Amino acid sequence: MNNSSARSKFYIIIYTCLIGVFISFKAIGQEISKDDYDSTYYQSYPESIIARLYLSQKYTSLELRKGNDPPRLRYLPNTTLNLGIGATYQNLSLNLAYGFGFMNRDEEKGKNKKLDLQARLYGRKWAIDVYGEFYKQYYVYPKGRGNSGNQNYYIRPDLRINLVGASAYRVLNHRRFTLHPAFVQDEYQKKSAGSILLGAQAYYGDIKADSALVPFELSSYYDRRSISKVRILEIGPGAGYAYTLVLPYHLYITASFNINVNLGLVKETGANTSTDHVSVNANMLYRLGGGYNNGNWNLNAFWVNTRFAAKGDLSGNSYLLNTGNYRLIFSKRLQPGPKLKKMLRPLDRLLGK
């Protein structure tokens with residue numbers, strides 16, 4: 001495949017993700033504006049603007065396993081810690097962030113190159129997570145593993161991981177429970193509540209390197225150690241539960257856990273070999289957040305992580321992909337004045353208000 005064709009396919013994926021995000025934003029915005037809820041449990045502020053300042057770090061990592069035999073082979077990206085600003089209005093969010101050099105001086109792990117399009121589209125009835133992960137260059141954790149007689153990090157500038165997918169879960173108790181205080185900051189949970197989550201997940205993953213994924217020093221622990229390319233396609237239903245515990249002094253903790261049972265197809269390619277394997281895998285989605293929220297000011301942190309699991313051929317090799325985001329947020333609810341409301345009218349019409 002020539003470079004022009006590869007770039008064309010790459011741009012098609014990006015544009016598809018962006019269009020999907022826009023459609024989801026519009027659909028969720030219409031859903032919230034037309035739905036009702038129990039205001040004794042939480043309060044929504046769709047007419048307000050939520051301004052935020054935040055620190056964020058995203059990641060997509062890879063772990064190879066062979067049964068329960070040590071050592072684990074973990075590839076991590078040296079991603080940047082980003083400082084950002086953002087705003088939310090009518091459930092449409094825009095965030096801009098940058099990894100300044102003074103915040104990121106850990107060069108011994110290599111320089112990771114990435115395009116990360118994670119999006120959290122949390123409406124009142126639906127919680128949607130969209131992934132568009134394109135990473136290049138990883139290091140092996142812990143330090144020294146994979147390097148024979150060398151205590152530096154083993155760096156793989158040739159390792160690339162692409163992951164595109166989405167999950168969608170119906171929030172059954174949407175009248176009394178909301179994910180927004182921890183993850184969007186435009187609502188305020190007054191009383192503790194929880195909800196069952198029902199939905200599905202689908203994703204495609206592409207892992208490839210110029211040479212074997214397993215370093216020579218660790219090759220004796222793995223079967224089919226010449227594999228340099230893995231393609232994964234999975235889809236399946238899932239269920240879970242989310243709960244917010246409201247504490248005194250406007251403190252709160254939100255936790256959510258989902259498990260998916262996916263049918264997966266894995267294609268492994270190595271030196272003079274290629275195998276396909278079909279299996280059933282358990283994937284997990286964790287959400288954890290909390291902090292201080294009085295309806296006007298919100299200081300909180302959250303962590304969202306999705307673990308994708310896939311099994312290789314009958315030798316027993318397995319692959320674990322983790323993608324997620326850590327974020328620390330300080331936000332303030334602002335009430336737009338008459339002039340700003342007039343400027344926002346086109347956006348209100350776009351969102352179906």
# chains A, B, ... in the order shown; residues from 1 in each chain; ligands from 1
>>> residues_around(residues="Asn296 (chain A)", least_positions_apart="3", cutoff="12 Å", atoms="only C-alpha atoms", output="PyMOL selection string")
chain A and resi 43-45+48-52+181+185-188+250+292-293+299+330-335
>>> select_by_dssp(residues="region 94-214 of chain A", states="strand (DSSP E)", output="MDAnalysis selection string")
chainID A and resid 94:98 113:116 119:122 126:141 155:171 187:189 193:208
>>> residues_around(residues="region 76-92 of chain A", least_positions_apart="5", cutoff="9 Å", atoms="only C-alpha atoms", output="number ranges by chain")
A: 25-26, 28-29, 32-33, 45-63, 97-101, 103-104, 106-107, 109-114, 121-123, 135-141, 184-186, 331, 347-348, 351, 353
>>> select_by_dssp(residues="region 89-323 of chain A", states="alpha helix (DSSP H)", output="PyMOL selection string")
chain A and resi 180-183
>>> write_last_selection(atoms="all heavy atoms", output="mmCIF file, in the first residue's frame")
data_model
loop_
_atom_site.group_PDB
_atom_site.id
_atom_site.type_symbol
_atom_site.label_atom_id
_atom_site.label_comp_id
_atom_site.auth_asym_id
_atom_site.auth_seq_id
_atom_site.Cartn_x
_atom_site.Cartn_y
_atom_site.Cartn_z
ATOM 1 N N HIS A 180 -23.319 13.434 35.048
ATOM 2 C CA HIS A 180 -22.789 14.748 34.682
ATOM 3 C C HIS A 180 -21.943 15.443 35.745
ATOM 4 O O HIS A 180 -20.941 16.081 35.392
ATOM 5 C CB HIS A 180 -23.937 15.658 34.255
ATOM 6 C CG HIS A 180 -24.399 15.392 32.850
ATOM 7 N ND1 HIS A 180 -24.677 16.386 31.950
ATOM 8 C CD2 HIS A 180 -24.623 14.229 32.198
ATOM 9 C CE1 HIS A 180 -25.052 15.858 30.812
ATOM 10 N NE2 HIS A 180 -25.032 14.542 30.936
ATOM 11 N N PRO A 181 -22.297 15.425 37.036
ATOM 12 C CA PRO A 181 -21.478 16.185 37.996
ATOM 13 C C PRO A 181 -19.997 15.822 37.951
ATOM 14 O O PRO A 181 -19.128 16.704 37.995
ATOM 15 C CB PRO A 181 -22.101 15.823 39.348
ATOM 16 C CG PRO A 181 -23.525 15.513 39.023
ATOM 17 C CD PRO A 181 -23.475 14.831 37.688
ATOM 18 N N ALA A 182 -19.676 14.540 37.840
ATOM 19 C CA ALA A 182 -18.277 14.116 37.848
ATOM 20 C C ALA A 182 -17.597 14.284 36.499
ATOM 21 O O ALA A 182 -16.406 14.601 36.432
ATOM 22 C CB ALA A 182 -18.175 12.657 38.294
ATOM 23 N N PHE A 183 -18.344 14.106 35.386
ATOM 24 C CA PHE A 183 -17.701 14.007 34.079
ATOM 25 C C PHE A 183 -17.998 15.172 33.134
ATOM 26 O O PHE A 183 -17.295 15.356 32.151
ATOM 27 C CB PHE A 183 -18.090 12.690 33.422
ATOM 28 C CG PHE A 183 -17.757 11.493 34.258
ATOM 29 C CD1 PHE A 183 -18.731 10.843 35.007
ATOM 30 C CD2 PHE A 183 -16.455 11.028 34.339
ATOM 31 C CE1 PHE A 183 -18.419 9.747 35.801
ATOM 32 C CE2 PHE A 183 -16.132 9.938 35.129
ATOM 33 C CZ PHE A 183 -17.110 9.299 35.866
#
>>> closest_residue(among="A:Phe102, A:Tyr222, A:Tyr204, A:Tyr42", to="Asn317 (chain A)", atoms="only C-alpha atoms")
A:Tyr222
>>> residues_around(residues="Val230 (chain A)", least_positions_apart="5", cutoff="7 Å", atoms="only C-alpha atoms", output="list in words")
Asp206, Ile207, Lys208, Val266, Lys267, Glu268 and Thr269 of chain A
>>> closest_residue(among="A:Gly290, A:Pro336, A:Pro215, A:Gly264", to="Tyr319 (chain A)", atoms="only C-alpha atoms")
A:Gly264
>>> decode(residues="region 208-221 of chain A", atoms="all heavy atoms", output="compact mmCIF listing (two decimals), in the first residue's frame")
# COMPACT_ATOMS: atom_id res chain seq x y z
N LYS A 208 0.86 -3.18 15.31
CA LYS A 208 1.89 -3.62 14.37
C LYS A 208 3.24 -2.99 14.69
O LYS A 208 3.33 -1.89 15.24
CB LYS A 208 1.49 -3.30 12.93
CG LYS A 208 1.10 -1.88 12.66
CD LYS A 208 0.54 -1.74 11.24
CE LYS A 208 0.01 -0.34 10.99
NZ LYS A 208 -0.57 -0.22 9.63
N ALA A 209 4.29 -3.74 14.33
CA ALA A 209 5.67 -3.30 14.54
C ALA A 209 6.52 -3.83 13.40
O ALA A 209 6.10 -4.72 12.64
CB ALA A 209 6.19 -3.79 15.88
N ASP A 210 7.73 -3.27 13.26
CA ASP A 210 8.62 -3.70 12.18
C ASP A 210 9.27 -5.05 12.48
O ASP A 210 9.78 -5.71 11.57
CB ASP A 210 9.71 -2.65 11.96
CG ASP A 210 9.13 -1.34 11.44
OD1 ASP A 210 8.00 -1.36 10.91
OD2 ASP A 210 9.81 -0.30 11.57
N SER A 211 9.28 -5.44 13.76
CA SER A 211 9.81 -6.75 14.15
C SER A 211 8.89 -7.35 15.20
O SER A 211 7.85 -6.78 15.52
CB SER A 211 11.25 -6.60 14.67
OG SER A 211 11.28 -5.70 15.78
N ALA A 212 9.28 -8.48 15.76
CA ALA A 212 8.42 -9.20 16.71
C ALA A 212 8.01 -8.31 17.88
O ALA A 212 8.82 -7.53 18.40
CB ALA A 212 9.13 -10.44 17.21
N LEU A 213 6.75 -8.46 18.31
CA LEU A 213 6.26 -7.70 19.46
C LEU A 213 6.98 -8.08 20.74
O LEU A 213 7.16 -7.26 21.64
CB LEU A 213 4.76 -7.93 19.63
CG LEU A 213 3.84 -7.42 18.52
CD1 LEU A 213 2.40 -7.82 18.80
CD2 LEU A 213 3.95 -5.91 18.39
N VAL A 214 7.41 -9.34 20.86
CA VAL A 214 8.08 -9.81 22.06
C VAL A 214 9.59 -9.61 21.94
O VAL A 214 10.21 -10.13 21.01
CB VAL A 214 7.78 -11.31 22.31
CG1 VAL A 214 8.50 -11.81 23.56
CG2 VAL A 214 6.29 -11.54 22.42
N PRO A 215 10.23 -8.85 22.84
CA PRO A 215 11.69 -8.68 22.80
C PRO A 215 12.39 -10.03 22.93
O PRO A 215 11.89 -10.96 23.58
CB PRO A 215 11.97 -7.78 24.01
CG PRO A 215 10.68 -7.10 24.31
CD PRO A 215 9.60 -8.08 23.94
N PHE A 216 13.58 -10.12 22.37
CA PHE A 216 14.32 -11.39 22.37
C PHE A 216 14.55 -11.90 23.79
O PHE A 216 14.47 -13.10 24.05
CB PHE A 216 15.66 -11.20 21.65
CG PHE A 216 16.52 -12.43 21.67
CD1 PHE A 216 16.26 -13.49 20.81
CD2 PHE A 216 17.57 -12.55 22.57
CE1 PHE A 216 17.04 -14.64 20.84
CE2 PHE A 216 18.35 -13.70 22.61
CZ PHE A 216 18.08 -14.74 21.74
N GLU A 217 14.82 -10.99 24.75
CA GLU A 217 15.10 -11.40 26.12
C GLU A 217 13.92 -12.13 26.76
O GLU A 217 14.11 -12.97 27.65
CB GLU A 217 15.47 -10.18 26.97
CG GLU A 217 15.92 -10.54 28.38
CD GLU A 217 16.14 -9.31 29.25
OE1 GLU A 217 15.18 -8.53 29.39
OE2 GLU A 217 17.27 -9.14 29.76
N LEU A 218 12.69 -11.84 26.31
CA LEU A 218 11.50 -12.45 26.89
C LEU A 218 10.87 -13.51 25.99
O LEU A 218 9.82 -14.05 26.32
CB LEU A 218 10.46 -11.37 27.18
CG LEU A 218 10.91 -10.21 28.08
CD1 LEU A 218 9.79 -9.18 28.20
CD2 LEU A 218 11.31 -10.72 29.45
N SER A 219 11.50 -13.82 24.87
CA SER A 219 10.88 -14.70 23.87
C SER A 219 10.63 -16.12 24.38
O SER A 219 9.70 -16.79 23.93
CB SER A 219 11.75 -14.75 22.61
OG SER A 219 13.04 -15.25 22.91
N SER A 220 11.41 -16.57 25.35
CA SER A 220 11.23 -17.94 25.84
C SER A 220 9.92 -18.11 26.61
O SER A 220 9.46 -19.23 26.83
CB SER A 220 12.40 -18.34 26.74
OG SER A 220 12.48 -17.47 27.87
N TYR A 221 9.29 -17.00 27.04
CA TYR A 221 8.05 -17.09 27.80
C TYR A 221 6.81 -17.14 26.91
O TYR A 221 5.71 -17.38 27.40
CB TYR A 221 7.92 -15.87 28.74
CG TYR A 221 8.95 -15.84 29.83
CD1 TYR A 221 10.13 -15.11 29.68
CD2 TYR A 221 8.76 -16.53 31.03
CE1 TYR A 221 11.08 -15.07 30.69
CE2 TYR A 221 9.70 -16.48 32.04
CZ TYR A 221 10.86 -15.76 31.86
OH TYR A 221 11.80 -15.71 32.87
